[in-house]
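A.B. asks: Sending over start-v4.cif (mmCIF, C-alpha atoms).
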data_entry
loop_
_atom_site.label_atom_id
_atom_site.label_comp_id
_atom_site.auth_asym_id
_atom_site.auth_seq_id
_atom_site.Cartn_x
_atom_site.Cartn_y
_atom_site.Cartn_z
CA MET A 29 109.80 83.94 127.09
CA GLY A 30 109.79 86.97 124.79
CA ARG A 31 110.87 86.98 121.16
CA ALA A 32 114.32 88.45 121.91
CA ASP A 33 115.00 85.67 124.45
CA GLN A 34 113.81 83.04 121.96
CA GLN A 35 116.04 84.53 119.26
CA LEU A 36 119.02 84.60 121.64
CA SER A 37 118.39 80.90 122.35
CA LEU A 38 118.39 80.20 118.60
CA ILE A 39 121.61 82.21 118.19
CA ALA A 40 123.22 80.14 120.97
CA GLU A 41 121.96 76.91 119.36
CA THR A 42 123.28 77.97 115.93
CA LEU A 43 126.69 78.72 117.43
CA GLU A 44 126.77 75.36 119.20
CA VAL A 45 125.75 73.41 116.08
CA THR A 46 128.02 75.27 113.64
CA GLY A 47 130.90 75.23 116.12
CA ALA A 48 130.64 71.44 116.49
CA LEU A 49 130.80 71.14 112.69
CA GLY A 50 133.61 73.67 112.29
CA ILE A 51 131.40 75.97 110.19
CA PRO A 52 132.23 79.65 110.72
CA VAL A 53 129.24 82.01 110.85
CA TRP A 54 128.94 85.75 111.47
CA LEU A 55 125.90 87.59 112.78
CA ARG A 56 124.82 90.43 110.52
CA GLY A 57 121.97 92.92 110.58
CA GLY A 58 120.30 94.10 113.77
CA TRP A 59 121.57 91.31 115.98
CA ALA A 60 125.17 92.01 114.91
CA MET A 61 124.64 95.63 115.93
CA ASP A 62 123.24 94.58 119.30
CA PHE A 63 126.13 92.17 119.92
CA PHE A 64 128.55 94.99 119.05
CA LEU A 65 126.78 97.38 121.44
CA GLY A 66 126.25 94.68 124.09
CA GLU A 67 122.55 95.43 124.51
CA ILE A 68 119.23 94.80 122.82
CA THR A 69 118.28 98.03 121.09
CA ARG A 70 115.06 97.03 119.31
CA ASP A 71 112.81 94.15 118.32
CA HIS A 72 114.28 91.99 115.55
CA GLU A 73 112.16 90.42 112.84
CA ASP A 74 114.71 87.66 112.20
CA ILE A 75 118.28 86.51 112.73
CA ASP A 76 120.65 87.27 109.87
CA TRP A 77 123.93 85.43 109.37
CA PHE A 78 126.77 85.13 106.88
CA ALA A 79 128.30 81.72 106.08
CA TRP A 80 130.59 80.37 103.37
CA ALA A 81 128.87 78.86 100.34
CA ASP A 82 131.14 75.81 100.63
CA ASP A 83 129.47 75.07 103.98
CA ALA A 84 125.88 75.48 102.72
CA ALA A 85 125.04 71.76 102.38
CA ASP A 86 126.42 70.90 105.84
CA LEU A 87 124.71 73.94 107.34
CA ALA A 88 121.35 73.06 105.77
CA GLY A 89 121.62 69.44 106.91
CA ALA A 90 122.42 70.48 110.47
CA ALA A 91 119.56 72.97 110.55
CA LEU A 92 117.06 70.35 109.39
CA ARG A 93 118.35 67.83 111.97
CA HIS A 94 117.80 70.46 114.70
CA GLY A 95 114.17 71.14 113.87
CA TYR A 96 114.42 73.98 111.38
CA ARG A 97 112.26 74.01 108.26
CA THR A 98 113.39 75.52 104.99
CA VAL A 99 111.58 78.61 103.77
CA GLN A 100 111.34 79.45 100.09
CA GLY A 101 112.66 82.88 99.25
CA SER A 102 116.04 83.89 97.96
CA PRO A 103 117.91 81.79 95.41
CA PRO A 104 119.50 78.91 97.38
CA ASP A 105 122.98 79.73 96.04
CA LEU A 106 122.56 83.24 97.54
CA GLN A 107 120.84 82.58 100.87
CA LEU A 108 119.45 79.75 102.99
CA ASP A 109 116.26 80.65 104.85
CA PHE A 110 114.89 78.66 107.78
CA VAL A 111 112.18 78.90 110.41
CA LYS A 112 112.05 77.26 113.84
CA ASP A 113 109.43 77.91 116.50
CA GLY A 114 108.00 80.64 114.27
CA LEU A 115 111.32 82.52 114.14
CA GLU A 116 113.26 83.09 110.93
CA SER A 117 117.01 82.66 110.45
CA SER A 118 118.73 83.49 107.15
CA PHE A 119 122.25 82.60 106.07
CA THR A 120 123.56 84.78 103.25
CA LEU A 121 126.27 82.83 101.45
CA LEU A 122 129.76 84.16 100.83
CA ASP A 123 132.53 83.25 98.44
CA ARG A 124 135.94 84.66 97.49
CA ASP A 125 136.95 85.96 94.08
CA ALA A 126 140.31 85.59 92.30
CA ALA A 127 141.63 88.61 94.26
CA ASP A 128 140.61 86.88 97.55
CA ARG A 129 137.88 89.46 98.25
CA VAL A 130 134.72 88.33 100.04
CA VAL A 131 131.94 88.36 97.44
CA VAL A 132 128.28 87.46 97.03
CA ALA A 133 128.18 83.71 96.36
CA GLY A 134 125.17 83.43 94.09
CA GLY A 135 121.97 84.89 92.77
CA PRO A 136 121.75 88.00 90.61
CA TRP A 137 124.68 89.71 92.41
CA ALA A 138 127.08 86.73 92.32
CA GLY A 139 130.67 87.94 92.44
CA ALA A 140 129.85 91.44 93.73
CA PRO A 141 132.25 92.36 96.54
CA TRP A 142 131.07 92.86 100.10
CA PRO A 143 132.65 95.71 102.11
CA GLU A 144 136.36 95.28 102.77
CA GLY A 145 137.13 94.05 106.29
CA MET A 146 133.53 92.96 106.83
CA LEU A 147 134.50 89.73 108.60
CA ASP A 148 137.35 91.22 110.65
CA ALA A 149 135.37 92.62 113.60
CA GLY A 150 136.00 89.70 115.90
CA MET A 151 133.52 88.82 118.58
CA GLY A 152 130.48 90.65 119.85
CA ARG A 153 128.81 89.88 123.15
CA MET A 154 125.35 89.78 124.63
CA GLY A 155 125.61 88.86 128.29
CA GLU A 156 127.57 85.60 128.40
CA LEU A 157 126.95 84.82 124.74
CA GLU A 158 129.82 85.61 122.34
CA CYS A 159 129.51 85.51 118.58
CA ALA A 160 131.52 86.56 115.53
CA ILE A 161 129.91 89.65 114.03
CA VAL A 162 130.13 91.69 110.88
CA SER A 163 132.17 94.85 111.46
CA PRO A 164 130.09 97.88 112.40
CA GLN A 165 131.71 99.84 109.57
CA ALA A 166 130.50 97.21 107.08
CA GLN A 167 127.06 97.19 108.72
CA ILE A 168 126.81 100.93 108.14
CA GLU A 169 127.90 100.61 104.52
CA ILE A 170 125.48 97.76 103.84
CA LYS A 171 122.56 99.60 105.46
CA ARG A 172 123.38 102.78 103.51
CA MET A 173 123.97 101.09 100.19
CA THR A 174 121.28 98.38 100.03
CA PRO A 175 118.69 100.74 98.49
CA VAL A 176 121.30 101.77 95.90
CA TRP A 177 122.44 98.21 95.16
CA ASP A 178 118.84 96.96 95.02
CA PRO A 179 116.36 99.75 94.26
CA SER A 180 113.45 97.42 95.06
CA ARG A 181 114.49 97.63 98.73
CA PRO A 182 113.60 101.10 100.02
CA ARG A 183 115.29 102.90 102.89
CA ARG A 184 113.83 101.89 106.22
CA THR A 185 113.55 103.97 109.39
CA LYS A 186 115.14 101.19 111.45
CA ASP A 187 118.22 101.24 109.18
CA ALA A 188 118.69 105.00 109.70
CA GLU A 189 118.33 104.47 113.46
CA ASP A 190 120.80 101.56 113.39
CA ILE A 191 123.33 103.65 111.44
CA ALA A 192 123.02 106.47 114.00
CA ARG A 193 123.54 104.02 116.90
CA LEU A 194 126.57 102.40 115.27
CA GLU A 195 128.17 105.73 114.32
CA ALA A 196 127.68 107.07 117.86
CA ALA A 197 129.25 103.92 119.34
CA LEU A 198 132.20 104.11 116.92
CA ARG A 199 132.75 107.80 117.77
CA ALA A 200 132.64 106.96 121.48
CA ARG A 201 135.25 104.25 120.91
CA GLY A 202 137.37 106.56 118.73
CA LYS A 203 136.88 104.54 115.52
CA ARG A 204 135.84 105.73 112.11
CA SER A 205 132.62 104.62 110.46
CA GLU A 206 133.78 105.21 106.89
#
Take the structure I supplied and represent it as structure tokens, if you would.
C.D. replies:
Amino acid sequence: MGRADQQLSLIAETLEVTGALGIPVWLRGGWAMDFFLGEITRDHEDIDWFAWADDAADLAGAALRHGYRTVQGSPPDLQLDFVKDGLESSFTLLDRDAADRVVVAGGPWAGAPWPEGMLDAGMGRMGELECAIVSPQAQIEIKRMTPVWDPSRPRRTKDAEDIARLEAALRARGKRSE
């Protein structure tokens, strides 16, 4: 089984586990793009998710019970990082501010707003597997702005390619990317 198939199995497992616990999660990053497009476009280093900070303890407990190990990295109030079968999964934590905007839950950017409408995309699909995804418009904004928000993270070729794929798909569907 190739890495993409292994990652798709972990995505399915995550959806099953979080669904049973009533924990909403959204794919983000490259896998969200692929679920939006309905095809695997490139190799993915990891599986990126969003989850609510209020669900972090339950999410971490479920991951550990299902054979994931924690990985040290980001501040735990910002992101939970796990590895299973040599594959990484990260859950960036979300909160809401007083104006009910979705914001960064913790770490150095706590309270910074995420793109408006980010969680409103609905479901993406890869074969028979359906998953809530981050909106493609938000994906584009995040990929464009990350090097501005965090200058220690340079622009990457894969991000430029992902932006081009998402913009082309949005144009084909008659939707704006801005």
A.B. asks: If the PyMOL selection byres ((chain A and resi 109-112) around 7) were run on this exact file, what residues would it hold? Put them as a PyMOL selection string.
C.D. replies: chain A and resi 95-100+107-108+113-119
A.B. asks: Using the chain letters and numbering of this document, enumerate as a PDB file with C-alpha atoms, in the coordinates of the input the residues selected by the PyMOL selection byres ((chain A and resi 48-59) around 6).
C.D. replies:
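Saved to expr_33.pdb:
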ATOM      1  CA  VAL A  45     125.750  73.410 116.080  1.00  0.00           C
ATOM      2  CA  THR A  46     128.020  75.270 113.640  1.00  0.00           C
ATOM      3  CA  GLY A  47     130.900  75.230 116.120  1.00  0.00           C
ATOM      4  CA  ALA A  60     125.170  92.010 114.910  1.00  0.00           C
ATOM      5  CA  MET A  61     124.640  95.630 115.930  1.00  0.00           C
ATOM      6  CA  ASP A  62     123.240  94.580 119.300  1.00  0.00           C
ATOM      7  CA  ASP A  76     120.650  87.270 109.870  1.00  0.00           C
ATOM      8  CA  TRP A  77     123.930  85.430 109.370  1.00  0.00           C
ATOM      9  CA  PHE A  78     126.770  85.130 106.880  1.00  0.00           C
ATOM     10  CA  ALA A  79     128.300  81.720 106.080  1.00  0.00           C
ATOM     11  CA  ALA A 160     131.520  86.560 115.530  1.00  0.00           C
ATOM     12  CA  ILE A 161     129.910  89.650 114.030  1.00  0.00           C
ATOM     13  CA  VAL A 162     130.130  91.690 110.880  1.00  0.00           C
TER      14      VAL A 162
END
A.B. asks: Env of Gly135 in chain A: 8 Å cut, atoms = all atoms listed in the file, seq-sep filter 4 positions within chain, self excluded. Answer as a PyMOL selection string.
C.D. replies: chain A and resi 102-106
A.B. asks: As a check of understanding, name the residues that the PyMOL selection byres ((chain A and resi 137) around 12) selects in the supplied structure, as a count of residues only.
C.D. replies: 22
A.B. asks: To one decimal place in Å, what is the distance between CA of Asp82 in chain A and CA of Arg124 in chain A?
C.D. replies: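 Separating CA of Asp82 in chain A from CA of Arg124 in chain A is a distance of 10.5 Å.
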A.B. asks: For range 106-118 of chain A in the structure I just supplied, write out all heavy atoms - as a PDB file, in the first residue's frame.
C.D. replies:
ATOM      1  N   LEU A 106      -1.946  25.420  20.500  1.00  0.00           N
ATOM      2  CA  LEU A 106      -2.045  25.839  19.103  1.00  0.00           C
ATOM      3  C   LEU A 106      -2.325  24.648  18.194  1.00  0.00           C
ATOM      4  O   LEU A 106      -3.168  24.722  17.308  1.00  0.00           O
ATOM      5  CB  LEU A 106      -0.740  26.520  18.663  1.00  0.00           C
ATOM      6  CG  LEU A 106      -0.584  26.814  17.177  1.00  0.00           C
ATOM      7  CD1 LEU A 106      -1.601  27.847  16.724  1.00  0.00           C
ATOM      8  CD2 LEU A 106       0.834  27.287  16.880  1.00  0.00           C
ATOM      9  N   GLN A 107      -1.617  23.532  18.437  1.00  0.00           N
ATOM     10  CA  GLN A 107      -1.714  22.395  17.521  1.00  0.00           C
ATOM     11  C   GLN A 107      -1.343  21.107  18.230  1.00  0.00           C
ATOM     12  O   GLN A 107      -0.397  21.079  19.011  1.00  0.00           O
ATOM     13  CB  GLN A 107      -0.773  22.632  16.333  1.00  0.00           C
ATOM     14  CG  GLN A 107      -0.813  21.557  15.285  1.00  0.00           C
ATOM     15  CD  GLN A 107      -0.080  21.996  14.041  1.00  0.00           C
ATOM     16  OE1 GLN A 107      -0.521  22.918  13.372  1.00  0.00           O
ATOM     17  NE2 GLN A 107       1.032  21.353  13.719  1.00  0.00           N
ATOM     18  N   LEU A 108      -2.078  20.040  17.923  1.00  0.00           N
ATOM     19  CA  LEU A 108      -1.761  18.695  18.403  1.00  0.00           C
ATOM     20  C   LEU A 108      -1.134  17.931  17.246  1.00  0.00           C
ATOM     21  O   LEU A 108      -1.712  17.871  16.160  1.00  0.00           O
ATOM     22  CB  LEU A 108      -3.025  17.972  18.864  1.00  0.00           C
ATOM     23  CG  LEU A 108      -3.855  18.654  19.948  1.00  0.00           C
ATOM     24  CD1 LEU A 108      -5.131  17.850  20.211  1.00  0.00           C
ATOM     25  CD2 LEU A 108      -3.043  18.823  21.218  1.00  0.00           C
ATOM     26  N   ASP A 109       0.030  17.353  17.476  1.00  0.00           N
ATOM     27  CA  ASP A 109       0.750  16.618  16.444  1.00  0.00           C
ATOM     28  C   ASP A 109       0.878  15.159  16.863  1.00  0.00           C
ATOM     29  O   ASP A 109       1.277  14.865  17.989  1.00  0.00           O
ATOM     30  CB  ASP A 109       2.140  17.227  16.230  1.00  0.00           C
ATOM     31  CG  ASP A 109       2.074  18.665  15.751  1.00  0.00           C
ATOM     32  OD1 ASP A 109       1.317  18.943  14.811  1.00  0.00           O
ATOM     33  OD2 ASP A 109       2.789  19.515  16.325  1.00  0.00           O
ATOM     34  N   PHE A 110       0.567  14.264  15.912  1.00  0.00           N
ATOM     35  CA  PHE A 110       0.597  12.830  16.175  1.00  0.00           C
ATOM     36  C   PHE A 110       1.290  12.111  15.030  1.00  0.00           C
ATOM     37  O   PHE A 110       1.372  12.622  13.914  1.00  0.00           O
ATOM     38  CB  PHE A 110      -0.830  12.260  16.284  1.00  0.00           C
ATOM     39  CG  PHE A 110      -1.645  12.874  17.374  1.00  0.00           C
ATOM     40  CD1 PHE A 110      -2.566  13.865  17.087  1.00  0.00           C
ATOM     41  CD2 PHE A 110      -1.506  12.456  18.682  1.00  0.00           C
ATOM     42  CE1 PHE A 110      -3.338  14.436  18.088  1.00  0.00           C
ATOM     43  CE2 PHE A 110      -2.272  13.016  19.696  1.00  0.00           C
ATOM     44  CZ  PHE A 110      -3.187  14.008  19.395  1.00  0.00           C
ATOM     45  N   VAL A 111       1.733  10.886  15.310  1.00  0.00           N
ATOM     46  CA  VAL A 111       2.256  10.007  14.276  1.00  0.00           C
ATOM     47  C   VAL A 111       1.679   8.609  14.509  1.00  0.00           C
ATOM     48  O   VAL A 111       1.502   8.176  15.659  1.00  0.00           O
ATOM     49  CB  VAL A 111       3.810   9.990  14.256  1.00  0.00           C
ATOM     50  CG1 VAL A 111       4.376   9.386  15.526  1.00  0.00           C
ATOM     51  CG2 VAL A 111       4.341   9.305  13.021  1.00  0.00           C
ATOM     52  N   LYS A 112       1.345   7.951  13.423  1.00  0.00           N
ATOM     53  CA  LYS A 112       0.886   6.558  13.470  1.00  0.00           C
ATOM     54  C   LYS A 112       1.397   5.882  12.202  1.00  0.00           C
ATOM     55  O   LYS A 112       1.242   6.425  11.103  1.00  0.00           O
ATOM     56  CB  LYS A 112      -0.640   6.468  13.536  1.00  0.00           C
ATOM     57  CG  LYS A 112      -1.144   5.025  13.622  1.00  0.00           C
ATOM     58  CD  LYS A 112      -2.645   4.954  13.781  1.00  0.00           C
ATOM     59  CE  LYS A 112      -3.090   3.517  13.909  1.00  0.00           C
ATOM     60  NZ  LYS A 112      -4.538   3.418  14.121  1.00  0.00           N
ATOM     61  N   ASP A 113       1.993   4.733  12.365  1.00  0.00           N
ATOM     62  CA  ASP A 113       2.542   3.989  11.227  1.00  0.00           C
ATOM     63  C   ASP A 113       3.496   4.851  10.402  1.00  0.00           C
ATOM     64  O   ASP A 113       3.540   4.747   9.166  1.00  0.00           O
ATOM     65  CB  ASP A 113       1.417   3.434  10.341  1.00  0.00           C
ATOM     66  CG  ASP A 113       0.492   2.498  11.092  1.00  0.00           C
ATOM     67  OD1 ASP A 113       0.966   1.810  12.022  1.00  0.00           O
ATOM     68  OD2 ASP A 113      -0.712   2.450  10.763  1.00  0.00           O
ATOM     69  N   GLY A 114       4.230   5.732  11.080  1.00  0.00           N
ATOM     70  CA  GLY A 114       5.191   6.586  10.398  1.00  0.00           C
ATOM     71  C   GLY A 114       4.592   7.770   9.662  1.00  0.00           C
ATOM     72  O   GLY A 114       5.296   8.497   8.974  1.00  0.00           O
ATOM     73  N   LEU A 115       3.289   7.983   9.809  1.00  0.00           N
ATOM     74  CA  LEU A 115       2.599   9.073   9.110  1.00  0.00           C
ATOM     75  C   LEU A 115       2.123  10.114  10.117  1.00  0.00           C
ATOM     76  O   LEU A 115       1.554   9.771  11.148  1.00  0.00           O
ATOM     77  CB  LEU A 115       1.406   8.531   8.316  1.00  0.00           C
ATOM     78  CG  LEU A 115       1.766   7.487   7.263  1.00  0.00           C
ATOM     79  CD1 LEU A 115       0.500   6.855   6.696  1.00  0.00           C
ATOM     80  CD2 LEU A 115       2.598   8.103   6.149  1.00  0.00           C
ATOM     81  N   GLU A 116       2.349  11.372   9.784  1.00  0.00           N
ATOM     82  CA  GLU A 116       2.006  12.467  10.687  1.00  0.00           C
ATOM     83  C   GLU A 116       0.613  13.021  10.418  1.00  0.00           C
ATOM     84  O   GLU A 116       0.201  13.162   9.263  1.00  0.00           O
ATOM     85  CB  GLU A 116       3.022  13.598  10.548  1.00  0.00           C
ATOM     86  CG  GLU A 116       4.396  13.210  11.027  1.00  0.00           C
ATOM     87  CD  GLU A 116       5.401  14.347  10.915  1.00  0.00           C
ATOM     88  OE1 GLU A 116       4.988  15.523  10.925  1.00  0.00           O
ATOM     89  OE2 GLU A 116       6.594  14.036  10.813  1.00  0.00           O
ATOM     90  N   SER A 117      -0.082  13.347  11.495  1.00  0.00           N
ATOM     91  CA  SER A 117      -1.362  14.055  11.453  1.00  0.00           C
ATOM     92  C   SER A 117      -1.272  15.206  12.449  1.00  0.00           C
ATOM     93  O   SER A 117      -0.813  15.016  13.576  1.00  0.00           O
ATOM     94  CB  SER A 117      -2.525  13.140  11.854  1.00  0.00           C
ATOM     95  OG  SER A 117      -2.703  12.098  10.921  1.00  0.00           O
ATOM     96  N   SER A 118      -1.704  16.390  12.020  1.00  0.00           N
ATOM     97  CA  SER A 118      -1.669  17.574  12.880  1.00  0.00           C
ATOM     98  C   SER A 118      -3.052  18.193  12.943  1.00  0.00           C
ATOM     99  O   SER A 118      -3.725  18.317  11.915  1.00  0.00           O
ATOM    100  CB  SER A 118      -0.687  18.604  12.322  1.00  0.00           C
ATOM    101  OG  SER A 118       0.618  18.081  12.320  1.00  0.00           O
TER     102      SER A 118
END
